[in-house]
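See below for input.cif, which holds mmCIF, C-alpha atoms and all ligand atoms.
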data_run
#
loop_
_atom_site.label_atom_id
_atom_site.label_comp_id
_atom_site.auth_asym_id
_atom_site.auth_seq_id
_atom_site.Cartn_x
_atom_site.Cartn_y
_atom_site.Cartn_z
CA MET A 18 5.64 -12.41 -5.65
CA ALA A 19 7.62 -9.86 -7.70
CA ALA A 20 11.38 -9.92 -7.01
CA ASP A 21 11.73 -6.15 -7.28
CA LYS A 22 9.38 -4.68 -4.68
CA ARG A 23 9.99 -1.00 -5.41
CA ILE A 24 6.84 0.93 -6.26
CA GLY A 25 6.41 4.63 -6.98
CA ILE A 26 3.08 6.31 -6.26
CA LEU A 27 2.32 9.72 -7.76
CA GLY A 28 0.02 11.58 -5.41
CA SER A 29 -0.42 12.92 -1.91
CA GLY A 30 -4.18 12.50 -1.38
CA ASP A 31 -6.18 9.77 0.33
CA VAL A 32 -5.58 7.28 -2.51
CA ALA A 33 -1.79 7.68 -2.54
CA LYS A 34 -1.59 7.55 1.26
CA GLN A 35 -3.78 4.45 1.57
CA LEU A 36 -1.97 2.66 -1.25
CA GLY A 37 1.42 3.66 0.11
CA LYS A 38 0.66 2.37 3.58
CA GLY A 39 -1.00 -0.79 2.22
CA PHE A 40 1.84 -1.68 -0.16
CA ALA A 41 4.41 -1.03 2.58
CA ALA A 42 2.49 -3.42 4.85
CA HIS A 43 2.91 -6.05 2.10
CA GLY A 44 6.68 -5.59 2.12
CA TYR A 45 6.99 -3.11 -0.75
CA ASP A 46 9.57 -0.33 -0.85
CA VAL A 47 7.31 2.68 -1.52
CA LYS A 48 8.04 6.23 -2.69
CA LEU A 49 5.23 8.78 -2.90
CA GLY A 50 5.62 11.73 -5.28
CA THR A 51 4.24 15.23 -4.79
CA ARG A 52 5.09 18.88 -5.53
CA GLU A 53 5.38 19.42 -1.77
CA PRO A 54 7.15 16.52 -0.03
CA LYS A 55 7.05 18.36 3.33
CA LYS A 56 3.29 17.95 3.61
CA LEU A 57 3.67 14.15 3.72
CA GLU A 58 6.13 14.18 6.61
CA ALA A 59 3.52 13.22 9.24
CA TRP A 60 2.18 10.47 6.94
CA ARG A 61 5.70 9.13 6.36
CA LYS A 62 6.34 8.88 10.10
CA GLU A 63 3.11 7.05 10.87
CA ALA A 64 2.86 4.83 7.74
CA GLY A 65 5.31 2.19 8.93
CA GLY A 66 7.41 -0.05 6.69
CA LYS A 67 9.74 1.17 3.97
CA VAL A 68 8.22 4.46 2.78
CA ALA A 69 9.80 7.61 1.40
CA VAL A 70 8.56 10.83 -0.20
CA GLY A 71 10.03 12.77 -3.13
CA SER A 72 9.13 14.72 -6.23
CA PHE A 73 6.85 13.31 -8.95
CA ALA A 74 9.98 12.54 -11.02
CA GLU A 75 11.67 10.74 -8.13
CA ALA A 76 8.59 8.60 -7.49
CA ALA A 77 8.26 7.75 -11.21
CA SER A 78 11.95 6.75 -11.29
CA HIS A 79 11.77 4.63 -8.14
CA GLY A 80 11.00 1.15 -9.45
CA PRO A 81 9.42 -1.03 -12.14
CA VAL A 82 5.84 -0.26 -11.07
CA VAL A 83 4.29 3.21 -10.85
CA ILE A 84 0.80 4.04 -9.63
CA LEU A 85 -0.99 7.20 -10.72
CA ALA A 86 -3.09 8.62 -7.88
CA THR A 87 -3.43 12.25 -8.92
CA HIS A 88 -6.38 14.58 -9.43
CA GLY A 89 -8.08 13.68 -12.73
CA ALA A 90 -7.88 17.13 -14.33
CA ALA A 91 -4.20 17.51 -13.26
CA THR A 92 -2.94 14.05 -14.21
CA GLU A 93 -1.53 14.94 -17.63
CA SER A 94 0.39 17.93 -16.24
CA VAL A 95 1.70 15.71 -13.43
CA LEU A 96 3.10 13.35 -16.12
CA ASP A 97 4.89 16.33 -17.68
CA LEU A 98 6.34 17.25 -14.29
CA ALA A 99 7.37 13.63 -13.64
CA GLY A 100 9.05 13.30 -17.07
CA PRO A 101 7.47 10.82 -19.48
CA ARG A 102 10.86 9.10 -20.05
CA ASN A 103 10.89 8.02 -16.39
CA PHE A 104 7.97 5.67 -17.17
CA SER A 105 9.62 3.84 -20.10
CA GLY A 106 9.04 0.09 -20.03
CA LYS A 107 7.21 0.25 -16.68
CA LEU A 108 3.92 -1.12 -15.50
CA VAL A 109 1.77 1.96 -14.79
CA LEU A 110 -1.32 1.25 -12.71
CA ASP A 111 -3.71 4.13 -13.38
CA ALA A 112 -6.10 4.71 -10.46
CA THR A 113 -7.26 8.15 -11.63
CA ASN A 114 -10.72 9.29 -12.63
CA PRO A 115 -11.60 12.27 -14.85
CA LEU A 116 -14.49 13.36 -12.69
CA ASP A 117 -16.44 16.49 -13.53
CA LEU A 118 -17.72 17.91 -10.26
CA SER A 119 -18.59 21.33 -11.68
CA HIS A 120 -22.26 20.61 -10.96
CA GLY A 121 -21.52 19.00 -7.57
CA MET A 122 -22.38 15.43 -6.63
CA PRO A 123 -22.92 13.01 -8.23
CA PRO A 124 -20.11 13.56 -10.75
CA GLY A 125 -20.00 13.49 -14.53
CA LEU A 126 -17.03 12.75 -16.81
CA LEU A 127 -14.60 15.38 -18.10
CA PHE A 128 -14.07 13.68 -21.48
CA GLY A 129 -17.52 12.13 -22.02
CA LEU A 130 -17.55 8.63 -23.52
CA THR A 131 -15.37 9.21 -26.58
CA ASP A 132 -12.05 9.39 -24.70
CA SER A 133 -10.72 8.50 -21.25
CA LEU A 134 -7.95 9.44 -18.88
CA GLY A 135 -6.53 5.90 -19.24
CA GLU A 136 -6.14 6.43 -22.99
CA ARG A 137 -4.74 9.93 -22.51
CA VAL A 138 -2.16 8.57 -20.04
CA GLN A 139 -1.18 5.79 -22.49
CA ARG A 140 -0.85 8.35 -25.33
CA LYS A 141 1.36 10.54 -23.15
CA LEU A 142 3.46 7.55 -22.03
CA PRO A 143 3.78 5.50 -25.26
CA ASP A 144 6.70 3.46 -23.86
CA ALA A 145 4.86 2.48 -20.67
CA LYS A 146 2.37 -0.36 -20.16
CA VAL A 147 -0.68 1.35 -18.72
CA VAL A 148 -3.22 -0.78 -16.86
CA LYS A 149 -6.35 0.90 -15.52
CA CYS A 150 -6.71 -0.45 -11.99
CA PHE A 151 -8.07 0.57 -8.56
CA ASN A 152 -10.23 3.40 -10.02
CA THR A 153 -13.56 1.64 -9.40
CA VAL A 154 -13.28 1.29 -5.60
CA SER A 155 -12.90 3.55 -2.58
CA ASN A 156 -9.33 4.09 -1.37
CA LEU A 157 -10.42 2.29 1.81
CA LYS A 158 -10.78 -0.97 -0.14
CA MET A 159 -7.79 -0.82 -2.49
CA THR A 160 -5.41 -2.75 -0.25
CA HIS A 161 -8.12 -4.12 2.09
CA PRO A 162 -10.55 -5.80 -0.30
CA GLU A 163 -12.99 -7.22 2.24
CA PHE A 164 -16.67 -7.12 1.28
CA SER A 165 -19.60 -8.70 3.16
CA SER A 166 -20.72 -10.36 -0.11
CA GLY A 167 -17.41 -12.26 -0.36
CA PRO A 168 -14.25 -12.12 -2.50
CA ALA A 169 -14.18 -9.55 -5.29
CA ARG A 170 -12.24 -9.13 -8.51
CA MET A 171 -10.75 -5.79 -9.58
CA TRP A 172 -11.80 -4.31 -12.93
CA ILE A 173 -8.77 -3.74 -15.15
CA CYS A 174 -7.95 -3.00 -18.80
CA GLY A 175 -4.82 -2.26 -20.80
CA ASN A 176 -3.08 -3.05 -24.08
CA ASP A 177 -0.35 -5.42 -22.85
CA ALA A 178 -1.34 -8.94 -21.77
CA ALA A 179 1.82 -9.63 -19.73
CA SER A 180 1.40 -6.37 -17.81
CA LYS A 181 -2.22 -7.21 -17.03
CA ARG A 182 -1.05 -10.59 -15.65
CA ALA A 183 1.54 -8.77 -13.53
CA ALA A 184 -1.19 -6.40 -12.29
CA GLU A 185 -3.37 -9.38 -11.37
CA GLU A 186 -0.51 -10.96 -9.39
CA ILE A 187 -0.11 -7.73 -7.42
CA LEU A 188 -3.86 -7.61 -6.79
CA GLN A 189 -3.88 -11.20 -5.54
CA GLU A 190 -0.99 -10.39 -3.22
CA LEU A 191 -3.15 -7.61 -1.74
CA GLY A 192 -6.03 -10.05 -1.17
CA TRP A 193 -8.15 -9.53 -4.30
CA ALA A 194 -9.71 -12.67 -5.80
CA GLY A 195 -8.12 -11.65 -9.12
CA ALA A 196 -8.73 -9.24 -11.98
CA LEU A 197 -11.64 -8.87 -14.37
CA ASP A 198 -9.90 -7.87 -17.59
CA VAL A 199 -12.33 -6.07 -19.92
CA GLY A 200 -9.96 -5.38 -22.81
CA GLY A 201 -7.57 -2.79 -24.19
CA ILE A 202 -6.93 0.64 -22.71
CA ASP A 203 -9.87 2.00 -24.74
CA ALA A 204 -12.09 0.13 -22.24
CA ALA A 205 -10.95 2.71 -19.65
CA ARG A 206 -13.89 4.77 -21.00
CA TRP A 207 -16.22 2.27 -19.39
CA LEU A 208 -14.23 1.65 -16.19
CA GLU A 209 -14.14 5.40 -15.63
CA ALA A 210 -17.85 5.69 -16.52
CA MET A 211 -18.58 3.17 -13.75
CA VAL A 212 -17.57 5.79 -11.18
CA PRO A 213 -20.46 8.25 -11.69
CA LEU A 214 -22.71 5.17 -11.46
CA TRP A 215 -20.82 3.92 -8.37
CA ALA A 216 -21.36 7.36 -6.77
CA ARG A 217 -25.09 7.26 -7.53
CA ALA A 218 -25.30 3.76 -6.01
CA GLY A 219 -23.39 5.02 -2.98
CA LEU A 220 -25.82 7.90 -2.50
CA ALA A 221 -28.76 5.48 -2.80
CA LEU A 222 -27.26 2.92 -0.40
CA GLY A 223 -25.62 5.35 2.04
CA THR A 224 -22.15 3.80 1.77
CA TRP A 225 -18.79 4.49 0.09
CA GLU A 226 -17.40 1.02 0.74
CA HIS A 227 -19.31 -0.77 -2.01
CA MET A 228 -18.11 -2.01 -5.38
CA LEU A 229 -19.87 -2.82 -8.66
CA GLN A 230 -19.40 -6.54 -9.47
CA VAL A 231 -20.70 -9.06 -12.00
CA VAL A 232 -22.78 -11.89 -10.52
CA ARG A 233 -24.09 -14.90 -12.43
N1 LIG B 301 -10.73 9.06 -3.18
C1 LIG B 301 -10.99 7.81 -3.56
O1 LIG B 301 -11.41 6.97 -2.76
C2 LIG B 301 -10.73 7.40 -4.99
C3 LIG B 301 -11.06 6.10 -5.41
C4 LIG B 301 -10.75 5.70 -6.73
C5 LIG B 301 -10.10 6.58 -7.56
N2 LIG B 301 -9.81 7.86 -7.14
C6 LIG B 301 -9.07 8.76 -8.03
O2 LIG B 301 -7.73 8.79 -7.56
C7 LIG B 301 -7.13 10.06 -7.81
C8 LIG B 301 -6.57 10.64 -6.50
O3 LIG B 301 -7.64 10.95 -5.64
P1 LIG B 301 -7.34 11.60 -4.18
O4 LIG B 301 -8.69 11.87 -3.62
O5 LIG B 301 -6.39 10.76 -3.44
O6 LIG B 301 -6.54 12.93 -4.49
P2 LIG B 301 -6.88 14.26 -5.33
O7 LIG B 301 -7.18 15.35 -4.38
O8 LIG B 301 -7.89 13.97 -6.39
O9 LIG B 301 -5.47 14.52 -6.04
C9 LIG B 301 -4.38 14.91 -5.28
C10 LIG B 301 -3.14 14.86 -6.11
O10 LIG B 301 -3.29 15.59 -7.33
C11 LIG B 301 -2.21 16.50 -7.47
N3 LIG B 301 -2.66 17.75 -8.10
C12 LIG B 301 -3.83 18.41 -7.88
N4 LIG B 301 -3.86 19.54 -8.63
C13 LIG B 301 -2.68 19.60 -9.29
C14 LIG B 301 -2.11 20.51 -10.22
N5 LIG B 301 -2.77 21.59 -10.62
N6 LIG B 301 -0.89 20.24 -10.72
C15 LIG B 301 -0.21 19.12 -10.33
N7 LIG B 301 -0.70 18.22 -9.44
C16 LIG B 301 -1.91 18.45 -8.95
C17 LIG B 301 -1.73 16.80 -6.08
O11 LIG B 301 -0.39 17.17 -6.17
P3 LIG B 301 0.47 17.61 -4.89
O12 LIG B 301 0.78 16.35 -4.18
O13 LIG B 301 1.66 18.25 -5.47
O14 LIG B 301 -0.40 18.53 -4.10
C18 LIG B 301 -1.95 15.47 -5.38
O15 LIG B 301 -0.84 14.63 -5.53
C19 LIG B 301 -8.22 10.92 -8.47
O16 LIG B 301 -8.05 10.88 -9.86
C20 LIG B 301 -9.51 10.23 -8.03
O17 LIG B 301 -10.58 10.45 -8.93
C21 LIG B 301 -10.14 8.29 -5.89
#

How does this structure look as structure tokens?
Amino acid sequence: MAADKRIGILGSGDVAKQLGKGFAAHGYDVKLGTREPKKLEAWRKEAGGKVAVGSFAEAASHGPVVILATHGAATESVLDLAGPRNFSGKLVLDATNPLDLSHGMPPGLLFGLTDSLGERVQRKLPDAKVVKCFNTVSNLKMTHPEFSSGPARMWICGNDAASKRAAEEILQELGWAGALDVGGIDAARWLEAMVPLWARAGLALGTWEHMLQVVR
């Protein structure tokens, strides 16, 4: 278990709220970041545990781990608002997806397959260790990884091996069987591309609580 349990979460949507509540339930000291802290007041009161709300910059400055849970198309401007220097040396778990919903459901990808939001985040935060994580599952499963088929591993990728090990330790603490590390941050193209496929599988199966896994 990490000694420093402070974690900043950039976002105010379902993902940030679920992660915030879930990490607080595991003893973390959580700060959510948003442009409008007031709108998270009700969430803060009902979340339980050690939770606070501040600006994007305050959440990014909060501790050694920062999670990105912002709208895909807005994520790079959120990093500008948060101040890229506030991420220096930190483990940044990137849960975002660059979904193109301009044609409705199921989604496409804003950057196609020749770039990814994970890579864009790493380019914008060159001094941070970005690990793509959490983006391939529903927010309902992120800190409650129970599946009827049994234990599951979280898809991750990133450039720094030690940071990926740290991410896996956090995942195991939350109940995940571990991480499935598919390479450098350039592999975010494929973890993000899983999401339009995940959505199509969800529409076919009539569920949003599934996950794509490797079986052998
Ligand atoms: N929903 C899921 O189950 C799920 C699962 C896996 C991954 N994801 C990914 O996780 C991310 C968060 O999803 P979500 O559904 O929780 O929330 P969301 O509605 O996609 O994003 C909400 C966040 O984006 C920020 N935002 C939106 N437009 C902005 C703008 N123009 N400028 C600055 N900030 C802006 C909001 O800031 P304010 O707080 O200031 O309003 C808020 O914090 C997305 O990238 C999504 O694809 C979602």

Sorted by chain and rising residue number, which residues of chain A lie within 7 Å of ligand LIG 301 (chain B), and what are their closest atom pairs and distances in Å to one decimal, counting only C-alpha atoms and all ligand atoms, as JSON lines?
{"residue": "A:Leu27", "atom": "CA", "partner": "B:LIG301", "partner_atom": "O15", "distance": 6.3}
{"residue": "A:Gly28", "atom": "CA", "partner": "B:LIG301", "partner_atom": "O15", "distance": 3.2}
{"residue": "A:Ser29", "atom": "CA", "partner": "B:LIG301", "partner_atom": "O15", "distance": 4.0}
{"residue": "A:Gly30", "atom": "CA", "partner": "B:LIG301", "partner_atom": "O5", "distance": 3.5}
{"residue": "A:Asp31", "atom": "CA", "partner": "B:LIG301", "partner_atom": "O5", "distance": 3.9}
{"residue": "A:Val32", "atom": "CA", "partner": "B:LIG301", "partner_atom": "O5", "distance": 3.7}
{"residue": "A:Ala33", "atom": "CA", "partner": "B:LIG301", "partner_atom": "O5", "distance": 5.6}
{"residue": "A:Gly50", "atom": "CA", "partner": "B:LIG301", "partner_atom": "O12", "distance": 6.8}
{"residue": "A:Thr51", "atom": "CA", "partner": "B:LIG301", "partner_atom": "O12", "distance": 3.7}
{"residue": "A:Arg52", "atom": "CA", "partner": "B:LIG301", "partner_atom": "O13", "distance": 3.5}
{"residue": "A:Glu53", "atom": "CA", "partner": "B:LIG301", "partner_atom": "O13", "distance": 5.4}
{"residue": "A:Ala86", "atom": "CA", "partner": "B:LIG301", "partner_atom": "C8", "distance": 4.3}
{"residue": "A:Thr87", "atom": "CA", "partner": "B:LIG301", "partner_atom": "O10", "distance": 3.7}
{"residue": "A:His88", "atom": "CA", "partner": "B:LIG301", "partner_atom": "O8", "distance": 3.4}
{"residue": "A:Gly89", "atom": "CA", "partner": "B:LIG301", "partner_atom": "O16", "distance": 4.0}
{"residue": "A:Ala91", "atom": "CA", "partner": "B:LIG301", "partner_atom": "C13", "distance": 4.7}
{"residue": "A:Thr92", "atom": "CA", "partner": "B:LIG301", "partner_atom": "N7", "distance": 6.7}
{"residue": "A:Ser94", "atom": "CA", "partner": "B:LIG301", "partner_atom": "C15", "distance": 6.1}
{"residue": "A:Val95", "atom": "CA", "partner": "B:LIG301", "partner_atom": "C15", "distance": 5.0}
{"residue": "A:Ala112", "atom": "CA", "partner": "B:LIG301", "partner_atom": "O2", "distance": 5.3}
{"residue": "A:Thr113", "atom": "CA", "partner": "B:LIG301", "partner_atom": "O16", "distance": 3.3}
{"residue": "A:Asn114", "atom": "CA", "partner": "B:LIG301", "partner_atom": "O17", "distance": 3.9}
{"residue": "A:Pro115", "atom": "CA", "partner": "B:LIG301", "partner_atom": "O17", "distance": 6.3}
{"residue": "A:Leu116", "atom": "CA", "partner": "B:LIG301", "partner_atom": "O17", "distance": 6.2}
{"residue": "A:Phe151", "atom": "CA", "partner": "B:LIG301", "partner_atom": "C4", "distance": 6.1}
{"residue": "A:Asn152", "atom": "CA", "partner": "B:LIG301", "partner_atom": "C5", "distance": 4.0}
{"residue": "A:Thr153", "atom": "CA", "partner": "B:LIG301", "partner_atom": "C4", "distance": 5.6}
{"residue": "A:Val154", "atom": "CA", "partner": "B:LIG301", "partner_atom": "C4", "distance": 5.2}
{"residue": "A:Ser155", "atom": "CA", "partner": "B:LIG301", "partner_atom": "O1", "distance": 3.7}
{"residue": "A:Asn156", "atom": "CA", "partner": "B:LIG301", "partner_atom": "O1", "distance": 3.8}
{"residue": "A:Leu157", "atom": "CA", "partner": "B:LIG301", "partner_atom": "O1", "distance": 6.6}

Around all of segment 22-38 of chain A's listed atoms, make the axis-aligned box with 3 Å on each side and tell me centre and edge lengths in Å to one decimal, as lines of an AutoDock Vina configuration file.
center_x = 1.9
center_y = 4.1
center_z = -2.1
size_x = 22.2
size_y = 23.6
size_z = 17.3

- Non-local contacts of Lys141 of chain A (9 Å; only C-alpha atoms; under 2 positions in same chain excluded) as a list in words: Glu93, Leu96, Asp97, Pro101, Glu136, Arg137, Val138, Gln139, Pro143 and Asp144 of chain A

- Among listed residues A:Ala19, A:Met122, A:Ile24, A:Ala205, nearest Gly219 of chain A (using all atoms listed in the file):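 Counting all atoms listed in the file, the residue closest to Gly219 of chain A is A:Met122.
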
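The residue set within 9 Å of Leu188 of chain A, counting only C-alpha atoms and dropping same-chain residues fewer than 4 places from it, reads Met159, Thr160, Arg170, Met171, Ala183, Ala184, Gly192, Trp193, Ala194, Gly195 and Ala196 of chain A.
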
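The spacing separating atom CA of Val68 of chain A from atom CA of Arg182 of chain A amounts to 25.5 Å.
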
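Computed from the coordinates, the atom CA of Lys149 of chain A to atom CA of Ile173 of chain A distance equals 5.2 Å.
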
- Query: Using all atoms listed in the file, which of A:Ala169, A:Ala69, A:Val199, A:Cys174 sits nearest His227 of chain A?
  - Reply: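 Result for the nearest residue to His227 of chain A: A:Ala169.
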
- Counting only C-alpha atoms, the residue among A:Lys181, A:Arg23, A:Lys67, A:Lys146 that lies closest to Ser105 of chain A is A:Lys146

- Item | Near-Phe128 of chain A list (9 Å; all atoms listed in the file; drop same-chain fewer than 3 positions) as a list in words |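 Counting all atoms listed in the file, the residues come to Pro115, Leu116, Asp117, Thr131, Asp132, Ser133, Leu134 and Arg206 of chain A.
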
- Query: Using all atoms listed in the file, which residue out of A:Pro168, A:Gly71, A:Gly135, A:Pro213 lies closest to Gly201 of chain A?
  - Reply: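 The shortest atom-to-atom distance to Gly201 of chain A comes from A:Gly135.
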
- Note on the structure: atom CA of Leu208 of chain A to atom CA of Val231 of chain A measures 13.2 Å

- Message: Around the point (0.6, -11.2, -0.8) (coordinates from the file), which residues reach within 12 Å if we count all atoms listed in the file? Answer as a list in words.
- Response: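 Looking at atoms near the point gives Met18, Ala19, Lys22, Gly39, Phe40, Ala41, Ala42, His43, Gly44, Tyr45, Thr160, His161, Glu185, Glu186, Ile187, Leu188, Gln189, Glu190, Leu191, Gly192, Trp193 and Ala194 of chain A.
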
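Proximity to Ala64 of chain A was assessed for A:Ser119, A:Gln230, A:Ser166, A:Gln35 counting only C-alpha atoms; the smallest distance is recorded for A:Gln35.
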
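Closest approach to Lys62 of chain A among A:Lys34, A:Gly223, A:Pro124, A:Gly167 is made by A:Lys34 (distances from all atoms listed in the file).
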
Output requested as a compact mmCIF listing (two decimals), in the frame of the given file - segment 85-94 of chain A, filled out with all heavy atoms.
# COMPACT_ATOMS: atom_id res chain seq x y z
N LEU A 85 -0.53 5.82 -10.59
CA LEU A 85 -0.99 7.20 -10.72
C LEU A 85 -2.18 7.41 -9.80
O LEU A 85 -3.21 6.74 -9.94
CB LEU A 85 -1.41 7.49 -12.17
CG LEU A 85 -0.37 7.22 -13.24
CD1 LEU A 85 -0.92 7.60 -14.61
CD2 LEU A 85 0.93 7.96 -12.95
N ALA A 86 -2.03 8.32 -8.84
CA ALA A 86 -3.09 8.62 -7.88
C ALA A 86 -3.22 10.13 -7.75
O ALA A 86 -3.16 10.69 -6.66
CB ALA A 86 -2.78 7.97 -6.54
N THR A 87 -3.38 10.78 -8.90
CA THR A 87 -3.43 12.25 -8.92
C THR A 87 -4.82 12.72 -9.36
O THR A 87 -5.59 11.97 -9.98
CB THR A 87 -2.37 12.80 -9.90
OG1 THR A 87 -2.42 12.03 -11.09
CG2 THR A 87 -1.00 12.72 -9.29
N HIS A 88 -5.10 13.97 -9.06
CA HIS A 88 -6.38 14.58 -9.43
C HIS A 88 -6.60 14.40 -10.94
O HIS A 88 -5.69 14.63 -11.73
CB HIS A 88 -6.31 16.06 -9.06
CG HIS A 88 -7.61 16.77 -9.21
ND1 HIS A 88 -8.69 16.50 -8.42
CD2 HIS A 88 -8.01 17.72 -10.09
CE1 HIS A 88 -9.70 17.26 -8.78
NE2 HIS A 88 -9.31 18.01 -9.79
N GLY A 89 -7.82 14.00 -11.32
CA GLY A 89 -8.08 13.68 -12.73
C GLY A 89 -7.66 14.79 -13.67
O GLY A 89 -6.90 14.56 -14.62
N ALA A 90 -8.13 16.02 -13.41
CA ALA A 90 -7.88 17.13 -14.33
C ALA A 90 -6.40 17.51 -14.37
O ALA A 90 -5.94 18.14 -15.32
CB ALA A 90 -8.72 18.34 -13.93
N ALA A 91 -5.62 17.12 -13.34
CA ALA A 91 -4.20 17.51 -13.26
C ALA A 91 -3.27 16.39 -13.72
O ALA A 91 -2.06 16.61 -13.83
CB ALA A 91 -3.87 17.90 -11.83
N THR A 92 -3.80 15.21 -13.98
CA THR A 92 -2.94 14.05 -14.21
C THR A 92 -1.97 14.22 -15.37
O THR A 92 -0.79 13.89 -15.26
CB THR A 92 -3.81 12.78 -14.38
OG1 THR A 92 -4.47 12.54 -13.13
CG2 THR A 92 -2.98 11.57 -14.78
N GLU A 93 -2.44 14.79 -16.48
CA GLU A 93 -1.53 14.94 -17.63
C GLU A 93 -0.41 15.94 -17.33
O GLU A 93 0.74 15.72 -17.74
CB GLU A 93 -2.31 15.31 -18.87
CG GLU A 93 -3.16 14.13 -19.35
CD GLU A 93 -4.22 14.53 -20.35
OE1 GLU A 93 -5.30 15.01 -19.92
OE2 GLU A 93 -3.96 14.40 -21.55
N SER A 94 -0.72 17.01 -16.58
CA SER A 94 0.39 17.93 -16.24
C SER A 94 1.33 17.30 -15.23
O SER A 94 2.54 17.58 -15.25
CB SER A 94 -0.09 19.32 -15.81
OG SER A 94 -1.25 19.25 -15.08
